[in-house]
Amino acid sequence: MADLSTGPTPGDFAIGDTDFLLNGEPFRVLAGAIHYFRVHPDHWADRIHKARLMGLNTIETYVAWNAHSPTRGGFDTTGQLDLARFLDLIAAEGMYAIVRPGPFICAEWDNGGLPGWLFTDPAVGVRRNEPLYMAAVAEYFDQLLPIVASRQIDRGGPVILVQIENEYGAYGDDKSYLQALVELNRAGGITVPLTTIDQPTDQMLADGSLPELHKTGSFGSRATERLATLRRHQPTGPLMCAEFWNGWFDHWGAHHHTTSAEESARELDDLLATGASVSLYMFTGGTNFGFTNGANDKGVFQPTVTSYDYDAPLSESGEVTAKYLAFRDVLAKYAPVTGELPAPPAPAPTFTVALNESVSIWDALPELGDLSEVPVAELPSMDALGQYTGFALYRSRLAPDSRVLSFGEVRDRAQVFVDGAAVGVLQRDHHDRTIGLPAGECLDLLVEDQGRVNYGPRIGEDKGLIGPATLDGAALTGWQVLPLDVDGFVAAGSALFDAHPLRRGAVGTEGSSLSGPAFARGRFDAEPGVDLFLSTAGWGKGQAWINGFNLGRFWDRGPQTTLYVPGPVLRASNELVILCLHGTESTLASFTARPDLGHTDF
């Protein structure tokens, strides 16, 4: 093994006949995945350091195009998106890096990393060599690749491998598309070896790569068998499982996935005993903060939960687990492992906070937007209005004696109100499209994009209410639609909370009830830098913020009933805001000592 004690220095990384070669010497890649965009930047160094202490020598990350470019032409590299700083911290720890820029990443991430604006032109053909799509990818790479290229190993940086696309053989077989991505990477200054990854089936490995690209596999068990399949398609060079699945992700309404530490360690040992390289997916999973979670739809829509803990060796909050210790013992059989172990964290502080101010979403509308500015004759999607995450309010007028409201499709969840009174909910996962209405005049639907599909043919589909919209079988037109900027409303610290003393009185005592949809706010003191776990039990469905930082979604469907609060978002004096979509019997917020990610039974 190469000596990493002084950090990467300018050198050479290549693919030899049997091994990866670092400065001409055989090198086994022992990597773990950390998605910088899922971890608070003040925690990056900690997570990277703990990866090295477990015995890893390399960090692997995707790049989330849509996070960096929520609008076309922009490329945000601030804060949690500072990829350059993340790669520099990897180098500072004496480790190497693998970068997977997609452009498609899957990753249980909203839209598989593809920006929502990419799909506004129906002529765009994603994940194939289509001119409009490739022009957008070229713009993305023009902004991204200088960050990566300048940090390659031959320039004194940590980057040793760059991946082309992601499990493309499970999607398509457009070789000209893969070749175009290779050419863009090389033109952008990428000189390190290029790889592909696919599940080890003959078809996927054949469809998902090119002869000049080094093939790797993705799997979590039966290593000998699957590496043999990979060897048939990659006859020379090192074998590598570039995604060793050591856990899994969760959907709302299902159980929390865990795997046995002992069994996972045994699978890892079997893999390393073959001489293969590996990247653990995940080393630490992190969090789908805000509205970033993806979804799956194989007949039933299943949005991914906020936590991306993944039952990884290092927990969502950076805690060493039994799996970490078991993996460390295995890695010590194949490479030097330091004697140091991360110190266990103390239990998080426990306390309660009274949310003693509130504003209904109806009263907040003037600050969330102006319905009068977006009147439309026909039913538009959220995408058509440039809203690619979060919420939108749809409004129309009812004819006298209206009875039945129907839509072509609801994506993904619509709360229905008549004259401000709740009528019911249309849920995509229940295939709801029709609802009976009481008498009234004003029809409102609060629609939530619960996360865009990240895998399969439904990537890129529009969100919102999908027409036709009918009332008793006749077309319903004359819509007003308001994209809701809930993040902006919370961050602005609206005076509306103070301007509604009656509403404050309605929730002014601990344990008071709250009728949704409404925002509730409370203040509390805390020690900056110390992680917390916010219990969301009993709050139904909604969103939570601390100091304007969007912690993510909560839902009493479970499995998770706590939200992770990274210590760096805390100050001595703090503001907690929740958006409670339906209501709660108690507005008393509780912080718990440990996370609760839910039951593990099937």
# chains A, B, ... in the order shown; residues from 1 in each chain; ligands from 1

$ residues_around --residues "Leu437 of chain A" --least-positions-apart "3" --cutoff "9 Å" --atoms "only C-alpha atoms" --output "list in words"
Ser402, Arg403, Val404, Leu405, Val416, Phe417, Val418, Val423 and Gly440 of chain A

$ select_by_dssp --residues "segment 161-297 of chain A" --states "strand (DSSP E)" --output "NGL selection string"
:A and (161-163 or 194-198 or 214-219 or 240-245 or 277-284 or 295-297)

$ write_last_selection --atoms "N, CA and C atoms" --output "compact mmCIF listing (two decimals), in the first residue's frame"
# COMPACT_ATOMS: atom_id res chain seq x y z
N LEU A 161 -9.99 8.85 -9.84
CA LEU A 161 -10.92 8.24 -10.80
C LEU A 161 -12.10 9.16 -10.98
N VAL A 162 -12.68 9.16 -12.19
CA VAL A 162 -13.92 9.86 -12.48
C VAL A 162 -14.85 8.89 -13.21
N GLN A 163 -16.09 8.85 -12.79
CA GLN A 163 -17.05 7.90 -13.37
C GLN A 163 -17.87 8.55 -14.47
N LEU A 194 -11.12 6.79 -16.47
CA LEU A 194 -12.57 6.90 -16.44
C LEU A 194 -13.18 5.52 -16.25
N THR A 195 -14.22 5.44 -15.43
CA THR A 195 -14.86 4.16 -15.12
C THR A 195 -16.35 4.22 -15.41
N THR A 196 -16.97 3.05 -15.46
CA THR A 196 -18.42 2.92 -15.43
C THR A 196 -18.79 1.95 -14.32
N ILE A 197 -20.06 1.97 -13.96
CA ILE A 197 -20.57 1.06 -12.93
C ILE A 197 -21.89 0.49 -13.39
N ASP A 198 -22.06 -0.81 -13.17
CA ASP A 198 -23.33 -1.47 -13.48
C ASP A 198 -23.49 -2.68 -12.57
N HIS A 214 -13.12 1.55 -17.90
CA HIS A 214 -12.93 0.45 -16.97
C HIS A 214 -14.24 0.15 -16.25
N LYS A 215 -14.71 -1.08 -16.36
CA LYS A 215 -16.00 -1.47 -15.80
C LYS A 215 -15.85 -1.85 -14.34
N THR A 216 -16.81 -1.40 -13.52
CA THR A 216 -16.90 -1.82 -12.12
C THR A 216 -18.33 -2.30 -11.85
N GLY A 217 -18.52 -2.96 -10.70
CA GLY A 217 -19.83 -3.51 -10.37
C GLY A 217 -20.45 -2.85 -9.17
N SER A 218 -21.76 -3.08 -9.01
CA SER A 218 -22.50 -2.61 -7.83
C SER A 218 -23.31 -3.78 -7.30
N PHE A 219 -23.07 -4.14 -6.03
CA PHE A 219 -23.77 -5.26 -5.41
C PHE A 219 -23.46 -5.26 -3.92
N MET A 240 -13.37 -4.29 -9.23
CA MET A 240 -13.80 -3.36 -8.20
C MET A 240 -15.31 -3.38 -8.06
N CYS A 241 -15.76 -3.51 -6.83
CA CYS A 241 -17.17 -3.25 -6.50
C CYS A 241 -17.24 -1.79 -6.09
N ALA A 242 -17.71 -0.95 -7.00
CA ALA A 242 -17.70 0.49 -6.77
C ALA A 242 -18.91 0.97 -5.98
N GLU A 243 -19.86 0.08 -5.73
CA GLU A 243 -20.94 0.33 -4.77
C GLU A 243 -21.19 -0.97 -4.03
N PHE A 244 -20.58 -1.10 -2.87
CA PHE A 244 -20.85 -2.25 -2.00
C PHE A 244 -21.99 -1.86 -1.08
N TRP A 245 -23.17 -2.41 -1.35
CA TRP A 245 -24.38 -1.98 -0.63
C TRP A 245 -24.38 -2.58 0.76
N SER A 277 -10.88 -4.28 -5.30
CA SER A 277 -11.06 -2.99 -4.64
C SER A 277 -12.53 -2.80 -4.33
N VAL A 278 -12.83 -1.80 -3.48
CA VAL A 278 -14.21 -1.63 -3.03
C VAL A 278 -14.48 -0.16 -2.71
N SER A 279 -15.75 0.23 -2.87
CA SER A 279 -16.25 1.48 -2.32
C SER A 279 -17.54 1.19 -1.58
N LEU A 280 -17.57 1.54 -0.32
CA LEU A 280 -18.74 1.26 0.52
C LEU A 280 -19.84 2.26 0.20
N TYR A 281 -21.01 1.75 -0.11
CA TYR A 281 -22.17 2.63 -0.33
C TYR A 281 -23.21 2.31 0.74
N MET A 282 -23.32 3.14 1.73
CA MET A 282 -22.58 4.37 2.01
C MET A 282 -21.58 4.13 3.15
N PHE A 283 -20.56 5.02 3.26
CA PHE A 283 -19.81 5.06 4.50
C PHE A 283 -20.61 5.81 5.55
N THR A 284 -21.11 6.98 5.17
CA THR A 284 -22.09 7.68 5.99
C THR A 284 -23.12 8.28 5.06
N ALA A 295 -37.69 9.67 -5.04
CA ALA A 295 -38.84 8.77 -4.91
C ALA A 295 -38.69 7.67 -5.94
N ASN A 296 -39.42 6.60 -5.73
CA ASN A 296 -39.51 5.52 -6.71
C ASN A 296 -40.97 5.34 -7.11
N ASP A 297 -41.17 4.87 -8.32
CA ASP A 297 -42.53 4.60 -8.78
C ASP A 297 -42.49 3.41 -9.72

$ atom_distance --atom1 "atom CA of Gly286 of chain A" --atom2 "atom CA of Tyr455 of chain A"
19.8 Å

$ residues_around --residues "Arg28 of chain A" --least-positions-apart "5" --cutoff "10 Å" --atoms "only C-alpha atoms" --output "ChimeraX atom specification"
/A:1-2,19-22,57-58,238-240,272,275-278,334-335

$ residues_around --residues "Leu398 of chain A" --least-positions-apart "2" --cutoff "7 Å" --atoms "only C-alpha atoms" --output "list in words"
Ser396, Pro400, Ser402, Gly440, Glu441, Cys442 and Leu443 of chain A

$ write_last_selection --atoms "N, CA and C atoms" --output "tab-separated table (two decimals), in the first residue's frame"
chain	number	residue	atom	x	y	z
A	396	SER	N	-59.64	27.92	-7.71
A	396	SER	CA	-60.65	28.15	-8.75
A	396	SER	C	-62.00	28.41	-8.07
A	400	PRO	N	-72.54	26.64	-8.61
A	400	PRO	CA	-73.53	26.18	-7.62
A	400	PRO	C	-73.83	24.70	-7.78
A	402	SER	N	-72.00	22.16	-7.24
A	402	SER	CA	-70.92	21.29	-7.71
A	402	SER	C	-70.79	20.10	-6.77
A	440	GLY	N	-70.21	25.30	-1.86
A	440	GLY	CA	-69.31	26.40	-1.57
A	440	GLY	C	-68.92	27.13	-2.83
A	441	GLU	N	-68.07	28.13	-2.66
A	441	GLU	CA	-67.70	28.96	-3.79
A	441	GLU	C	-66.21	28.88	-4.14
A	442	CYS	N	-65.33	28.94	-3.14
A	442	CYS	CA	-63.89	29.01	-3.41
A	442	CYS	C	-63.25	27.65	-3.21
A	443	LEU	N	-62.62	27.13	-4.25
A	443	LEU	CA	-61.92	25.84	-4.21
A	443	LEU	C	-60.42	26.09	-4.13

$ atom_distance --atom1 "atom CA of Asn23 of chain A" --atom2 "atom CA of Val192 of chain A"
12.6 Å

$ residues_around --residues "segment 119-134 of chain A" --least-positions-apart "5" --cutoff "9 Å" --atoms "only C-alpha atoms" --output "list of chain:residue names"
A:Pro103, A:Phe104, A:Leu114, A:Glu139, A:Glu165, A:Tyr168, A:Tyr171, A:Gly172, A:Asp173, A:Asp174, A:Lys175, A:Ser176, A:Tyr177, A:Leu178, A:Ala180, A:Leu181, A:Asp383, A:Ala384, A:Gly386, A:Gly460, A:Glu461, A:Asp462

$ closest_residue --among "A:Ala348, A:Met204, A:Asp432, A:Asp531" --to "His43 of chain A" --atoms "only C-alpha atoms"
A:Asp531

$ closest_atom_pairs --of "segment 177-210 of chain A" --to "segment 224-227 of chain A" --cutoff "10 Å" --atoms "only C-alpha atoms" --output "CSV"
residue,atom,partner,partner_atom,distance
A:Gln199,CA,A:Arg226,CA,8.6
A:Pro200,CA,A:Arg226,CA,5.8
A:Thr201,CA,A:Arg226,CA,8.1

$ atom_distance --atom1 "atom CA of Ala107 of chain A" --atom2 "atom CA of Gly156 of chain A"
29.1 Å

$ residues_around --residues "Arg47 of chain A" --least-positions-apart "4" --cutoff "12 Å" --atoms "only C-alpha atoms" --output "PyMOL selection string"
chain A and resi 32-36+38-43+51-54+56+59+86+89-90+93+282-286+313-320+342

$ closest_residue --among "A:Ala31, A:Ala399, A:Leu118, A:Val447" --to "Pro70 of chain A" --atoms "only C-alpha atoms"
A:Leu118

$ closest_atom_pairs --of "segment 259-368 of chain A" --to "segment 575-591 of chain A" --cutoff "10 Å" --atoms "only C-alpha atoms" --output "Markdown table"
| residue | atom | partner | partner_atom | distance |
| --- | --- | --- | --- | --- |
| A:Ala348 | CA | A:Phe591 | CA | 8.3 |
| A:Pro349 | CA | A:Phe591 | CA | 7.1 |
| A:Thr350 | CA | A:Phe591 | CA | 5.1 |
| A:Phe351 | CA | A:Phe591 | CA | 5.4 |
| A:Thr352 | CA | A:Ser590 | CA | 4.4 |
| A:Val353 | CA | A:Ala589 | CA | 4.9 |
| A:Ala354 | CA | A:Leu588 | CA | 4.7 |
| A:Leu355 | CA | A:Thr587 | CA | 5.4 |
| A:Asn356 | CA | A:Thr587 | CA | 7.6 |
| A:Glu357 | CA | A:Val577 | CA | 9.4 |
| A:Ser358 | CA | A:Val577 | CA | 9.1 |
| A:Val359 | CA | A:Leu579 | CA | 9.5 |
| A:Ser360 | CA | A:Leu579 | CA | 9.3 |
| A:Ile361 | CA | A:Leu579 | CA | 8.7 |

$ closest_residue --among "A:Thr236, A:Asn454, A:Ile546, A:Ser381" --to "Gly16 of chain A" --atoms "only C-alpha atoms"
A:Thr236

$ residues_around --residues "Pro101 of chain A" --least-positions-apart "6" --cutoff "10 Å" --atoms "only C-alpha atoms" --output "PDB file with N, CA and C atoms, in the first residue's frame"
ATOM      1  N   THR A  61     -17.731  10.433  -4.027  1.00  0.00           N
ATOM      2  CA  THR A  61     -18.942  11.241  -3.968  1.00  0.00           C
ATOM      3  C   THR A  61     -19.564  11.407  -5.333  1.00  0.00           C
ATOM      4  N   TYR A  62     -20.895  11.441  -5.355  1.00  0.00           N
ATOM      5  CA  TYR A  62     -21.628  11.949  -6.507  1.00  0.00           C
ATOM      6  C   TYR A  62     -21.532  13.475  -6.529  1.00  0.00           C
ATOM      7  N   VAL A  63     -21.938  14.046  -7.665  1.00  0.00           N
ATOM      8  CA  VAL A  63     -22.177  15.478  -7.777  1.00  0.00           C
ATOM      9  C   VAL A  63     -23.636  15.653  -8.199  1.00  0.00           C
ATOM     10  N   ALA A  64     -24.398  16.434  -7.431  1.00  0.00           N
ATOM     11  CA  ALA A  64     -25.828  16.623  -7.698  1.00  0.00           C
ATOM     12  C   ALA A  64     -26.014  17.869  -8.562  1.00  0.00           C
ATOM     13  N   TRP A  65     -26.186  17.678  -9.861  1.00  0.00           N
ATOM     14  CA  TRP A  65     -26.311  18.783 -10.810  1.00  0.00           C
ATOM     15  C   TRP A  65     -27.425  19.742 -10.399  1.00  0.00           C
ATOM     16  N   GLY A 113     -30.766  13.773  -9.648  1.00  0.00           N
ATOM     17  CA  GLY A 113     -29.757  14.797  -9.857  1.00  0.00           C
ATOM     18  C   GLY A 113     -29.984  15.654 -11.081  1.00  0.00           C
ATOM     19  N   TYR A 140     -23.072  22.304 -17.915  1.00  0.00           N
ATOM     20  CA  TYR A 140     -22.822  21.803 -16.562  1.00  0.00           C
ATOM     21  C   TYR A 140     -21.357  21.430 -16.394  1.00  0.00           C
ATOM     22  N   PHE A 141     -20.824  20.654 -17.323  1.00  0.00           N
ATOM     23  CA  PHE A 141     -19.432  20.225 -17.229  1.00  0.00           C
ATOM     24  C   PHE A 141     -18.465  21.409 -17.337  1.00  0.00           C
ATOM     25  N   LEU A 144     -18.378  22.579 -13.801  1.00  0.00           N
ATOM     26  CA  LEU A 144     -17.950  21.614 -12.799  1.00  0.00           C
ATOM     27  C   LEU A 144     -16.512  21.134 -12.995  1.00  0.00           C
ATOM     28  N   LEU A 145     -16.175  20.762 -14.215  1.00  0.00           N
ATOM     29  CA  LEU A 145     -14.923  20.032 -14.431  1.00  0.00           C
ATOM     30  C   LEU A 145     -13.670  20.812 -14.058  1.00  0.00           C
ATOM     31  N   VAL A 148     -12.828  19.828 -10.572  1.00  0.00           N
ATOM     32  CA  VAL A 148     -12.320  18.463 -10.439  1.00  0.00           C
ATOM     33  C   VAL A 148     -10.946  18.329 -11.082  1.00  0.00           C
ATOM     34  N   VAL A 162     -12.676   9.160 -12.188  1.00  0.00           N
ATOM     35  CA  VAL A 162     -13.923   9.864 -12.479  1.00  0.00           C
ATOM     36  C   VAL A 162     -14.846   8.886 -13.210  1.00  0.00           C
ATOM     37  N   GLN A 163     -16.090   8.852 -12.794  1.00  0.00           N
ATOM     38  CA  GLN A 163     -17.049   7.897 -13.367  1.00  0.00           C
ATOM     39  C   GLN A 163     -17.874   8.548 -14.472  1.00  0.00           C
ATOM     40  N   ILE A 164     -18.147   7.783 -15.511  1.00  0.00           N
ATOM     41  CA  ILE A 164     -19.011   8.196 -16.616  1.00  0.00           C
ATOM     42  C   ILE A 164     -20.429   7.681 -16.364  1.00  0.00           C
ATOM     43  N   GLU A 165     -21.412   8.606 -16.324  1.00  0.00           N
ATOM     44  CA  GLU A 165     -22.823   8.274 -16.102  1.00  0.00           C
ATOM     45  C   GLU A 165     -22.980   7.454 -14.825  1.00  0.00           C
ATOM     46  N   ASN A 166     -24.053   6.647 -14.731  1.00  0.00           N
ATOM     47  CA  ASN A 166     -24.269   5.883 -13.501  1.00  0.00           C
ATOM     48  C   ASN A 166     -25.238   4.734 -13.769  1.00  0.00           C
ATOM     49  N   ASN A 185     -15.587  15.039 -20.819  1.00  0.00           N
ATOM     50  CA  ASN A 185     -14.686  14.938 -19.675  1.00  0.00           C
ATOM     51  C   ASN A 185     -13.240  15.198 -20.078  1.00  0.00           C
TER      52      ASN A 185
END

$ closest_residue --among "A:Arg594, A:Arg222, A:Arg231, A:His431" --to "Gln560 of chain A" --atoms "only C-alpha atoms"
A:Arg594

$ decode --residues "segment 7-49 of chain A" --atoms "C-alpha atoms" --output "mmCIF file, in the first residue's frame"
data_model
loop_
_atom_site.group_PDB
_atom_site.id
_atom_site.type_symbol
_atom_site.label_atom_id
_atom_site.label_comp_id
_atom_site.auth_asym_id
_atom_site.auth_seq_id
_atom_site.Cartn_x
_atom_site.Cartn_y
_atom_site.Cartn_z
ATOM 1 C CA GLY A 7 -1.178 13.302 1.976
ATOM 2 C CA PRO A 8 -1.417 12.979 -1.783
ATOM 3 C CA THR A 9 1.428 14.526 -3.762
ATOM 4 C CA PRO A 10 1.692 15.107 -7.521
ATOM 5 C CA GLY A 11 1.862 11.710 -9.061
ATOM 6 C CA ASP A 12 0.297 9.223 -11.391
ATOM 7 C CA PHE A 13 -2.669 6.909 -11.115
ATOM 8 C CA ALA A 14 -3.263 4.288 -13.782
ATOM 9 C CA ILE A 15 -4.975 0.992 -14.506
ATOM 10 C CA GLY A 16 -2.501 -1.834 -14.930
ATOM 11 C CA ASP A 17 -2.919 -5.355 -16.219
ATOM 12 C CA THR A 18 -3.921 -6.655 -12.779
ATOM 13 C CA ASP A 19 -3.989 -3.701 -10.375
ATOM 14 C CA PHE A 20 -4.610 -0.029 -9.966
ATOM 15 C CA LEU A 21 -1.183 1.608 -10.048
ATOM 16 C CA LEU A 22 -0.247 4.561 -7.852
ATOM 17 C CA ASN A 23 3.078 5.945 -9.042
ATOM 18 C CA GLY A 24 3.705 2.591 -10.671
ATOM 19 C CA GLU A 25 3.008 0.534 -7.537
ATOM 20 C CA PRO A 26 -0.036 -1.717 -6.970
ATOM 21 C CA PHE A 27 -2.760 0.101 -5.038
ATOM 22 C CA ARG A 28 -6.036 -1.272 -3.703
ATOM 23 C CA VAL A 29 -8.831 1.286 -3.539
ATOM 24 C CA LEU A 30 -10.607 1.078 -0.185
ATOM 25 C CA ALA A 31 -13.239 3.768 -0.521
ATOM 26 C CA GLY A 32 -16.399 4.936 1.173
ATOM 27 C CA ALA A 33 -19.173 7.192 -0.095
ATOM 28 C CA ILE A 34 -19.828 10.577 1.516
ATOM 29 C CA HIS A 35 -22.199 12.873 -0.351
ATOM 30 C CA TYR A 36 -21.014 16.373 0.514
ATOM 31 C CA PHE A 37 -24.449 17.765 -0.353
ATOM 32 C CA ARG A 38 -26.070 15.556 2.312
ATOM 33 C CA VAL A 39 -23.704 16.552 5.149
ATOM 34 C CA HIS A 40 -23.333 19.952 6.798
ATOM 35 C CA PRO A 41 -20.024 21.433 5.565
ATOM 36 C CA ASP A 42 -18.809 21.972 9.122
ATOM 37 C CA HIS A 43 -18.994 18.187 9.526
ATOM 38 C CA TRP A 44 -17.111 17.235 6.370
ATOM 39 C CA ALA A 45 -13.686 17.040 8.023
ATOM 40 C CA ASP A 46 -15.076 14.914 10.868
ATOM 41 C CA ARG A 47 -16.704 12.408 8.532
ATOM 42 C CA ILE A 48 -13.618 12.162 6.319
ATOM 43 C CA HIS A 49 -11.348 11.671 9.332
#
